[in-house]
Structures are given as C-alpha cells and as structure tokens.
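Next comes coords_36.txt, a file with compact mmCIF, C-alpha atoms.
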# COMPACT_ATOMS: atom_id res chain seq x y z
CA MET A 19 100.53 105.33 47.31
CA SER A 20 100.37 105.72 51.12
CA PHE A 21 103.31 108.13 50.79
CA ILE A 22 101.23 110.44 48.56
CA ASN A 23 98.09 109.98 50.68
CA ASN A 24 99.93 111.04 53.83
CA LEU A 25 101.27 114.12 52.09
CA SER A 26 97.80 115.04 50.74
CA ARG A 27 96.41 114.72 54.28
CA LEU A 28 98.78 117.43 55.49
CA ILE A 29 99.04 119.66 52.40
CA VAL A 30 95.50 120.07 51.08
CA GLY A 31 94.70 121.44 47.62
CA THR A 32 94.93 120.68 43.92
CA SER A 33 95.85 124.14 42.62
CA ASP A 34 99.03 124.49 40.59
CA ALA A 35 100.69 126.24 43.53
CA MET A 36 99.93 123.39 45.94
CA MET A 37 100.93 120.72 43.44
CA ALA A 38 104.27 122.50 43.07
CA LEU A 39 104.56 122.74 46.86
CA ARG A 40 103.97 119.01 47.29
CA LYS A 41 106.58 118.25 44.62
CA SER A 42 109.12 120.42 46.45
CA VAL A 43 108.44 118.56 49.70
CA ILE A 44 108.84 115.17 47.99
CA ASP A 45 112.04 116.28 46.24
CA VAL A 46 113.80 117.43 49.41
CA ALA A 47 112.25 115.30 52.18
CA GLU A 48 114.90 112.57 52.26
CA HIS A 49 117.87 114.92 51.80
CA ASN A 50 119.55 116.08 54.98
CA ILE A 51 119.81 119.76 54.05
CA PRO A 52 118.20 122.75 55.80
CA VAL A 53 114.84 123.89 54.46
CA LEU A 54 113.44 127.42 54.82
CA ILE A 55 109.63 127.66 54.62
CA LEU A 56 108.39 131.10 53.58
CA GLY A 57 104.85 132.40 53.57
CA PRO A 58 102.38 134.72 55.29
CA SER A 59 101.13 134.12 58.83
CA GLY A 60 98.51 131.41 59.09
CA SER A 61 99.35 129.78 55.74
CA GLY A 62 100.30 126.37 57.16
CA LYS A 63 104.09 126.44 57.52
CA GLU A 64 104.08 123.98 60.43
CA LEU A 65 102.15 121.45 58.32
CA VAL A 66 104.88 121.60 55.69
CA ALA A 67 107.49 121.04 58.42
CA GLN A 68 105.45 118.06 59.67
CA SER A 69 105.31 116.68 56.12
CA LEU A 70 109.09 116.98 55.76
CA SER A 71 109.57 115.19 59.08
CA GLU A 72 107.18 112.33 58.28
CA LEU A 73 108.66 111.75 54.83
CA SER A 74 112.31 112.16 55.83
CA GLY A 75 112.87 108.55 56.86
CA ARG A 76 114.58 109.74 60.05
CA SER A 77 113.88 107.70 63.19
CA GLY A 78 113.49 110.69 65.50
CA LYS A 79 110.50 112.99 66.01
CA LEU A 80 109.64 116.53 64.96
CA VAL A 81 110.54 119.03 67.69
CA SER A 82 109.06 122.51 67.24
CA VAL A 83 110.14 125.84 68.71
CA ASN A 84 108.44 129.18 68.09
CA CYS A 85 111.26 131.72 68.38
CA ALA A 86 108.79 134.61 68.66
CA SER A 87 106.83 133.19 71.61
CA ILE A 88 109.77 132.59 73.98
CA PRO A 89 111.45 135.55 75.72
CA HIS A 90 114.92 136.16 74.29
CA SER A 91 116.50 135.66 77.72
CA LEU A 92 115.08 132.11 77.90
CA LEU A 93 115.41 131.01 74.28
CA GLU A 94 119.04 129.84 74.55
CA ALA A 95 118.22 127.57 77.50
CA GLU A 96 115.13 126.27 75.68
CA LEU A 97 117.15 125.39 72.59
CA PHE A 98 120.39 124.09 74.09
CA GLY A 99 119.25 122.95 77.53
CA TYR A 100 120.95 123.75 80.82
CA GLU A 101 122.72 122.19 83.79
CA LYS A 102 121.45 122.22 87.36
CA GLY A 103 122.33 125.54 89.01
CA ALA A 104 123.05 127.28 85.67
CA PHE A 105 120.77 130.13 86.72
CA THR A 106 118.25 130.99 89.42
CA GLY A 107 115.46 128.43 89.37
CA ALA A 108 117.44 125.76 87.52
CA SER A 109 116.87 123.08 90.17
CA LYS A 110 117.72 120.24 87.80
CA SER A 111 119.32 119.67 84.41
CA HIS A 112 117.10 120.03 81.35
CA LYS A 113 117.48 118.67 77.81
CA GLY A 114 117.01 121.37 75.19
CA LYS A 115 115.15 121.14 71.89
CA PHE A 116 118.36 120.34 69.97
CA GLU A 117 118.98 117.24 72.05
CA GLN A 118 115.30 116.26 71.92
CA ALA A 119 115.51 116.42 68.11
CA HIS A 120 118.40 113.93 67.92
CA ASN A 121 117.87 111.66 64.88
CA GLY A 122 114.79 113.73 64.03
CA THR A 123 113.82 117.16 62.75
CA LEU A 124 114.18 120.49 64.56
CA PHE A 125 111.62 123.06 63.40
CA LEU A 126 112.45 126.68 64.25
CA ASP A 127 109.34 128.70 63.52
CA GLU A 128 109.60 132.50 63.19
CA ILE A 129 113.39 132.26 62.84
CA GLY A 130 113.41 135.96 61.91
CA ASP A 131 112.70 136.80 65.57
CA MET A 132 115.80 135.04 66.90
CA PRO A 133 118.13 137.50 68.69
CA GLN A 134 121.48 138.09 66.97
CA ALA A 135 123.52 136.82 69.92
CA LEU A 136 121.83 133.44 69.55
CA GLN A 137 122.11 133.39 65.75
CA SER A 138 125.88 132.83 65.97
CA LYS A 139 125.39 129.89 68.36
CA LEU A 140 122.81 128.38 66.02
CA LEU A 141 125.24 128.74 63.10
CA ARG A 142 127.96 126.92 65.04
CA ALA A 143 125.57 124.12 66.01
CA LEU A 144 124.61 123.74 62.35
CA GLU A 145 128.21 123.59 61.18
CA THR A 146 129.62 121.32 63.90
CA LYS A 147 126.50 119.34 64.90
CA THR A 148 127.52 120.01 68.50
CA PHE A 149 126.38 122.45 71.18
CA THR A 150 127.12 123.35 74.79
CA PRO A 151 124.22 123.47 77.30
CA VAL A 152 123.89 126.63 79.39
CA GLY A 153 126.10 126.40 82.49
CA SER A 154 128.10 123.47 81.12
CA SER A 155 131.55 122.98 79.65
CA ARG A 156 130.72 119.69 77.89
CA GLU A 157 129.91 119.49 74.20
CA VAL A 158 126.94 117.42 73.10
CA ALA A 159 126.92 115.84 69.64
CA VAL A 160 123.54 115.72 67.95
CA ASP A 161 122.23 114.52 64.58
CA PHE A 162 119.25 116.58 63.45
CA ARG A 163 117.66 117.94 60.30
CA LEU A 164 116.86 121.67 60.47
CA VAL A 165 113.68 123.21 59.08
CA CYS A 166 113.04 126.93 59.62
CA ALA A 167 110.06 129.13 58.82
CA THR A 168 109.23 132.82 58.80
CA HIS A 169 106.66 135.26 57.45
CA LYS A 170 109.29 138.01 57.46
CA ASN A 171 111.64 139.03 54.65
CA LEU A 172 114.94 137.62 55.88
CA TYR A 173 116.84 139.10 52.96
CA LYS A 174 115.70 142.54 54.07
CA GLN A 175 116.83 141.72 57.61
CA VAL A 176 120.23 140.74 56.22
CA VAL A 177 120.45 144.10 54.42
CA THR A 178 119.54 145.97 57.63
CA LYS A 179 122.00 143.76 59.58
CA THR A 180 119.38 142.37 61.96
CA PHE A 181 119.94 138.83 60.65
CA ARG A 182 123.34 137.25 60.01
CA SER A 183 124.04 136.79 56.30
CA ASP A 184 126.06 133.59 56.87
CA LEU A 185 123.18 132.05 58.84
CA PHE A 186 120.66 133.15 56.20
CA PHE A 187 122.54 131.37 53.42
CA ARG A 188 123.04 128.32 55.66
CA ILE A 189 119.36 127.82 56.53
CA SER A 190 117.99 128.70 53.09
CA ALA A 191 119.69 125.87 51.19
CA PHE A 192 116.27 124.78 49.92
CA PRO A 193 113.54 127.46 50.18
CA ILE A 194 109.87 126.48 49.95
CA ARG A 195 107.27 129.23 49.55
CA ILE A 196 103.64 128.72 50.63
CA PRO A 197 101.16 130.89 48.71
CA ALA A 198 98.59 133.05 50.49
CA LEU A 199 95.11 131.55 50.54
CA ARG A 200 93.78 134.39 48.37
CA ASP A 201 96.15 133.20 45.61
CA ARG A 202 94.64 129.69 45.49
CA SER A 203 90.92 130.24 45.85
CA GLU A 204 90.24 127.05 43.85
CA ASP A 205 91.42 125.07 46.91
CA ILE A 206 89.03 126.70 49.36
CA GLU A 207 86.06 124.37 48.86
CA LYS A 208 88.21 121.30 49.47
CA LEU A 209 89.78 123.01 52.49
CA ILE A 210 86.35 123.78 53.95
CA PHE A 211 85.35 120.11 53.95
CA HIS A 212 88.80 119.02 55.16
CA LEU A 213 88.65 121.44 58.09
CA ALA A 214 85.04 120.49 58.85
CA GLN A 215 86.08 116.84 59.09
CA GLN A 216 88.86 117.72 61.56
CA LEU A 217 86.61 120.03 63.58
CA SER A 218 83.77 117.52 63.80
CA VAL A 219 86.06 115.39 65.99
CA VAL A 220 86.97 118.37 68.19
CA LEU A 221 83.36 119.54 68.47
CA GLY A 222 81.95 116.04 68.94
CA ASP A 223 79.71 116.48 65.90
CA SER A 224 78.87 113.10 64.35
CA GLY A 225 76.44 114.49 61.76
CA GLU A 226 77.19 115.02 58.08
CA PHE A 227 78.65 118.43 57.25
CA ALA A 228 76.52 120.40 54.77
CA ILE A 229 76.96 123.86 53.28
CA GLU A 230 75.01 125.69 50.56
CA LYS A 231 76.67 126.53 47.22
CA ASP A 232 76.13 130.27 47.72
CA ALA A 233 77.85 130.01 51.09
CA ILE A 234 80.84 128.29 49.48
CA TRP A 235 80.98 131.00 46.83
CA LEU A 236 81.15 133.70 49.52
CA LEU A 237 83.98 131.89 51.27
CA LYS A 238 85.86 131.44 47.98
CA THR A 239 85.68 135.15 47.13
CA PHE A 240 86.72 136.42 50.59
CA PRO A 241 90.36 137.77 50.60
CA TRP A 242 91.43 135.82 53.76
CA PRO A 243 94.09 138.11 55.25
CA GLY A 244 94.54 135.54 58.03
CA ASN A 245 94.91 132.66 55.55
CA ILE A 246 94.09 129.05 56.54
CA ARG A 247 94.17 129.87 60.26
CA GLN A 248 91.38 132.40 59.71
CA LEU A 249 89.43 130.00 57.46
CA ARG A 250 89.58 127.33 60.17
CA ASN A 251 88.22 129.80 62.76
CA VAL A 252 85.38 130.80 60.43
CA VAL A 253 84.44 127.20 59.61
CA GLU A 254 84.45 126.34 63.33
CA CYS A 255 82.22 129.32 64.12
CA LEU A 256 79.83 128.39 61.29
CA MET A 257 79.60 124.76 62.43
CA ILE A 258 78.78 125.79 65.99
CA ARG A 259 76.09 128.25 64.87
CA ALA A 260 74.56 125.85 62.32
CA ASN A 261 74.29 123.13 64.98
CA GLY A 262 74.12 120.33 62.42
CA ALA A 263 71.94 122.14 59.87
CA PRO A 264 73.28 123.15 56.42
CA ILE A 265 75.37 126.34 56.57
CA THR A 266 73.69 129.18 54.68
CA ALA A 267 75.04 132.18 52.79
CA GLN A 268 73.38 134.48 55.35
CA GLN A 269 75.33 132.81 58.17
CA VAL A 270 78.56 133.16 56.24
CA GLN A 271 77.87 136.83 55.57
CA LYS A 272 77.24 137.45 59.26
CA VAL A 273 80.43 135.72 60.43
CA LEU A 274 82.61 137.37 57.77
CA ARG A 275 81.06 140.76 58.59
CA GLU A 276 81.97 140.25 62.26
CA GLN A 277 85.52 139.26 61.30
CA SER A 278 85.90 142.35 59.09
CA ARG A 279 84.48 144.57 61.84
CA GLN A 280 87.00 143.22 64.35
CA ARG A 281 89.83 143.74 61.86
CA LEU A 282 88.65 147.28 61.07
CA HIS A 283 88.58 148.07 64.80
CA LYS A 284 92.17 146.80 65.14
CA ASP A 285 93.33 148.80 62.12
CA THR A 286 91.52 151.92 63.36
CA GLN A 287 93.29 151.62 66.71
CA SER A 288 96.65 151.33 64.91
CA SER A 289 95.86 154.38 62.76
CA ALA A 290 94.75 156.33 65.84
CA SER A 291 98.06 155.53 67.56
CA LEU A 292 99.91 156.77 64.49
CA SER A 293 97.85 159.96 64.29
CA LYS A 294 98.68 160.81 67.91
CA ALA A 295 102.33 160.85 66.95
CA LEU A 296 101.70 163.42 64.18
CA SER A 297 101.47 167.16 64.71
CA PRO A 298 98.19 168.99 63.86
CA VAL A 299 99.77 170.25 60.63
CA GLU A 300 100.80 166.70 59.63
CA SER A 301 97.26 165.42 60.23
CA VAL A 302 95.57 167.92 57.89
CA THR A 303 92.77 166.48 55.75
CA ASP A 304 90.81 169.65 54.83
CA TYR A 305 93.55 171.79 53.30
CA ARG A 306 91.30 174.65 52.19
CA SER A 307 90.00 175.22 55.73
CA PHE A 308 93.51 174.90 57.06
CA PHE A 309 94.87 177.67 54.83
CA VAL A 310 91.79 179.90 55.29
CA SER A 311 92.60 179.74 59.01
CA ASN A 312 96.04 181.16 58.22
CA GLY A 313 97.70 177.79 58.54
CA LYS A 314 101.21 177.35 57.19
CA LEU A 315 103.22 174.28 56.35
CA ILE A 316 106.42 173.23 54.62
CA ILE A 317 105.08 171.19 51.75
CA ALA A 318 108.10 168.88 51.38
CA ASP A 319 108.00 167.90 55.07
CA HIS A 320 104.24 167.52 54.98
CA LEU A 321 104.30 165.21 51.94
CA LYS A 322 106.90 163.04 53.69
CA SER A 323 104.59 162.76 56.70
CA VAL A 324 101.64 161.83 54.50
CA GLU A 325 103.69 159.19 52.69
CA LYS A 326 104.83 157.75 56.01
CA GLU A 327 101.25 157.51 57.27
CA VAL A 328 100.01 155.88 54.04
CA ILE A 329 102.84 153.30 53.99
CA ALA A 330 102.33 152.46 57.68
CA ALA A 331 98.58 152.04 57.10
CA ALA A 332 99.16 149.72 54.11
CA ILE A 333 101.61 147.53 56.07
CA THR A 334 99.16 147.34 58.98
CA ALA A 335 96.26 146.45 56.68
CA ALA A 336 98.39 143.75 55.03
CA GLN A 337 99.35 142.33 58.46
CA ASP A 338 103.09 142.75 57.70
CA ASP A 339 102.76 140.88 54.41
CA TYR A 340 105.14 143.16 52.49
CA ASP A 341 104.39 141.60 49.11
CA LEU A 342 100.71 142.47 49.58
CA ALA A 343 101.47 145.96 50.95
CA ALA A 344 103.66 146.68 47.93
CA GLN A 345 100.84 145.61 45.60
CA MET A 346 98.37 147.86 47.46
CA LEU A 347 100.71 150.82 47.01
CA HIS A 348 101.66 149.97 43.39
CA LEU A 349 105.31 149.78 44.44
CA SER A 350 107.94 147.14 43.83
CA LEU A 351 109.08 145.28 46.96
CA PRO A 352 112.51 146.99 46.96
CA GLU A 353 110.81 150.40 46.61
CA LEU A 354 108.57 149.64 49.60
CA PHE A 355 111.53 148.58 51.76
CA GLU A 356 113.47 151.68 50.71
CA LYS A 357 110.60 153.99 51.71
CA LYS A 358 109.96 152.03 54.92
CA GLU A 359 113.60 152.45 55.93
CA LEU A 360 113.58 156.12 54.89
CA HIS A 361 110.66 156.84 57.23
CA GLY A 362 112.00 154.72 60.08
CA LEU A 363 109.01 152.38 60.10
How does the structure come out when it is put into structure tokens?
Amino acid sequence: MSFINNLSRLIVGTSDAMMALRKSVIDVAEHNIPVLILGPSGSGKELVAQSLSELSGRSGKLVSVNCASIPHSLLEAELFGYEKGAFTGASKSHKGKFEQAHNGTLFLDEIGDMPQALQSKLLRALETKTFTPVGSSREVAVDFRLVCATHKNLYKQVVTKTFRSDLFFRISAFPIRIPALRDRSEDIEKLIFHLAQQLSVVLGDSGEFAIEKDAIWLLKTFPWPGNIRQLRNVVECLMIRANGAPITAQQVQKVLREQSRQRLHKDTQSSASLSKALSPVESVTDYRSFFVSNGKLIIADHLKSVEKEVIAAAITAAQDDYDLAAQMLHLSLPELFEKKELHGL
C-alpha cells in the first residue's frame, strides 16, 4: 500500500491517462533498462524520473542533469568528471554525474539538446558501463540505471541526423509519454489542492486552503500551454493575493488574463522578429491596395513566404509542442515536419 501511496504522491491524478502512466512506472521500475520520458515542457517529467528511482529498489540516489542548461563545452566534464589539471581552472579532481549515480539512477533531462560529439561517448558508457574522466587515461566502472527525458521529437532529430539513431534506440527501450495538462482537465482540481498543500509549506501559510467552485471551473477550462509548471505558478500567485481568504473567480480571471497578456507580448515579439526578416512584398496584408499601388509579386514565392510565416507562428504559439502545432494547422505530424524542413525553420 505504501508503494502505491508514494507513487500517488509524485504522480497526481485519476484520469485514464495518469492511471496508465502510473501502471507504466510500476511495470518498468524494477527492471534495469533505459526509460525515455516524453512530454511537453512543464508536464512533470522529473517527477516521473523520481518515481522510477524511488521504486527501483536500487541503493543509490537519483542524479539529475539538464543537458540544455549546461554549455556544451562543459557538459562532458559535468557528466564524466575530470582530473586535476585537465583544463584551465581544474584545480582538483571532480567526480562526474555518472560516478555520482553509481548504484542509483542517472536522469538526463532534455537529452535532445546533447551535442553529437558527446552522444557517442554516452552510447559507449551505456554499452560498456565504463567511462573515462576528462584528462585521464583510467576507465571507471559504474552501475547505473539511465532515465532520459525530452519535449522534442527525437525521431525527427534522427531523420535530420542531429541525433544518433543507435543512441535513440538504446535509450528508448521503454518509452513513457506524459500527457499535456489540457488533455486531462479532470485532474486539475486535485492538482490545485495538491499544489496548494506543497506551497503552503513554502509560503508559511498554516491556514486552510479554500477556493470557490467558479474559480475551479475557470482553472479547469484554461488551456495551460505551460502545463503543471504554469498551474503551480498560478496557484502560488493566487494564494499570495488571497492572503488566506477563499480564492474567487474574479482573482483567477485577473491572474490568467495577466498570464495571457505576457504570453501574447512574447508571441508578438517573435512575430515582429519574423516580419523584419520578410521583404515588404512578403508582408502584404492588404492585397487590393498593394496592387492599386502598382505592386507586383510572384504568387508562388509569395504563398511560400506566407506558409512559412503561418507555420512559424503556430510553432511559437504552441511553445515547440509539434503535436499541438500540427493540430492547430490541421496537418499530420509528418506533414508539419516536412513543411518545417522545406522552409528551413
């Protein structure tokens, strides 16, 4: 029973999608095979990795590395460690994340951002369970369980040769997909109270959390492009503003309006940057006035430019969630990738 309770503490929700997710975690947790966690940004991939680590039965700890947040030039040393004098500033030897994860779980978040030169070294470490620290000639044996995560389409990266196919098939032995929050709205009410309980400790709020039904309804019907990370930020903001009083629908509307305004400003800036790269002919919106002013254009080239702008805008609005962008454009995912590659986006 405690096994299930611990898992429910980390993976919150009773929707069909979350029940299936929990079953996948239980099925694979004790098996020493690589797991690839897929899902949009902010959906809780690290919590799934934590669940796999806690339920694995391994004596070691979970060691996390965000491959996107560490400069490529430093990532190898961070992962494999280095010897004293290996490079300027290396005043002493340092154990890397692989060695720290001995007998435990190594979680490589945003694996899609790992440079290709390092991908081959990761593949060798996976196959031999050994690695060589930077500046050393000695091999270190290590026993670890690998869990990777990404919001990117690794298969597409394999096709475009930006991600090694042999590494892709090695790390994706058991894929687990986390749904976007908008696809499991029935879990939102439970998530609100779960997050409020966590945040009450952070905020030092000892009072009972209260929220009106209309406020919950507004939160349940919001599309949540930022997923659980965004929901947590909104709940925190609402708790601070309510100051112990019940959260109202008006307060929710105000916070969500501010969030949407900030997002619109970001998207507008992205669109403005794109427009600057287009010629005056490519940026035409009033065609009648354009032609009355003796304007001329090559229609085939112009339509390509328009399509490029529309696809770029959809991808930006979807925050690089290609499944969502494809739905917005009424395209299949392969069609979207084909057009994206055609336009060099």
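One finds CA of Val220 in chain A at 28.6 Å from CA of Ala119 in chain A.
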What lies within 6 Å of Thr266 in chain A using all atoms listed in the file, ignoring chain neighbours under 2 positions off, as a PyMOL selection string?
chain A and resi 230+233+268-269
What are the closest atom pairs, with distances in Å to one decimal, for all residues of range 54-145 of chain A lying within 8 Å of range 158-175 of chain A? Consider only C-alpha atoms, order rows by chain and residue number, and present the result as a Markdown table.
| residue | atom | partner | partner_atom | distance |
| --- | --- | --- | --- | --- |
| A:Leu54 | CA | A:Cys166 | CA | 4.8 |
| A:Ile55 | CA | A:Ala167 | CA | 4.5 |
| A:Leu56 | CA | A:Thr168 | CA | 5.6 |
| A:Gly57 | CA | A:His169 | CA | 5.1 |
| A:Pro58 | CA | A:His169 | CA | 4.8 |
| A:Ser59 | CA | A:His169 | CA | 5.8 |
| A:Lys63 | CA | A:Ala167 | CA | 6.7 |
| A:Ala67 | CA | A:Val165 | CA | 6.6 |
| A:Phe116 | CA | A:Val160 | CA | 7.2 |
| A:Glu117 | CA | A:Val160 | CA | 6.3 |
| A:Ala119 | CA | A:Phe162 | CA | 6.0 |
| A:His120 | CA | A:Asp161 | CA | 5.1 |
| A:Asn121 | CA | A:Asp161 | CA | 5.2 |
| A:Gly122 | CA | A:Phe162 | CA | 5.3 |
| A:Thr123 | CA | A:Arg163 | CA | 4.6 |
| A:Leu124 | CA | A:Leu164 | CA | 5.0 |
| A:Phe125 | CA | A:Val165 | CA | 4.8 |
| A:Leu126 | CA | A:Cys166 | CA | 4.7 |
| A:Asp127 | CA | A:Ala167 | CA | 4.8 |
| A:Glu128 | CA | A:Thr168 | CA | 4.4 |
| A:Ile129 | CA | A:Thr168 | CA | 5.8 |
| A:Gly130 | CA | A:Thr168 | CA | 6.1 |
List as a PyMOL selection string the protein and nucleic acid residues near Ser33 in chain A, meaning an atom at most 7 Å away when all atoms listed in the file are counted, but skip any in the same chain fewer than 6 places from it.
chain A and resi 202+204-205
Long-range neighbours of range 343-351 of chain A as a ChimeraX atom specification, 7 Å cut-off, only C-alpha atoms, 5 positions minimum in chain:
/A:332-333,336
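Of the residues listed (A:Glu327, A:Arg27, A:Leu144, A:Glu96), A:Arg27 shows the shortest atom-to-atom separation from Gln215 in chain A; distances use only C-alpha atoms.
Between Met37 in chain A and the residues A:Ile189, A:Pro197, A:Ser111, A:Asp339, the shortest atom-to-atom distance, using only C-alpha atoms, involves A:Pro197.
The space between CA of Glu145 in chain A and CA of Phe192 in chain A spans 16.5 Å.
Minimum atom-to-atom distance to Gly99 in chain A, evaluated using all atoms listed in the file, belongs to A:Glu157 out of A:Glu157, A:Pro133, A:Asp45, A:Ile258.
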In Å, rounded to a single decimal, give me how far CA of Lys147 in chain A is from CA of Thr106 in chain A.
28.4 Å
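Minimum atom-to-atom distances from A:Val219, A:Ala263, A:Ala198, A:Cys85 to Leu249 in chain A were compared using all atoms listed in the file, and the lowest value belongs to A:Ala198.
Nearest to Gly244 in chain A of all the residues A:Asp184, A:Glu72, A:Glu48, A:Asp338 is A:Asp338, counting all atoms listed in the file.
Comparing A:Phe187, A:Arg142, A:Asp319, A:Asn84 by their smallest distance to Glu64 in chain A, the closest is A:Asn84 (using only C-alpha atoms).
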Neighbours of Lys110 in chain A within 12 Å (all atoms listed in the file; same-chain residues fewer than 5 positions away dropped), as a list in words?
Gly99, Tyr100, Glu101, Lys102, Gly103, Ala104, Phe105 and Gly153 of chain A
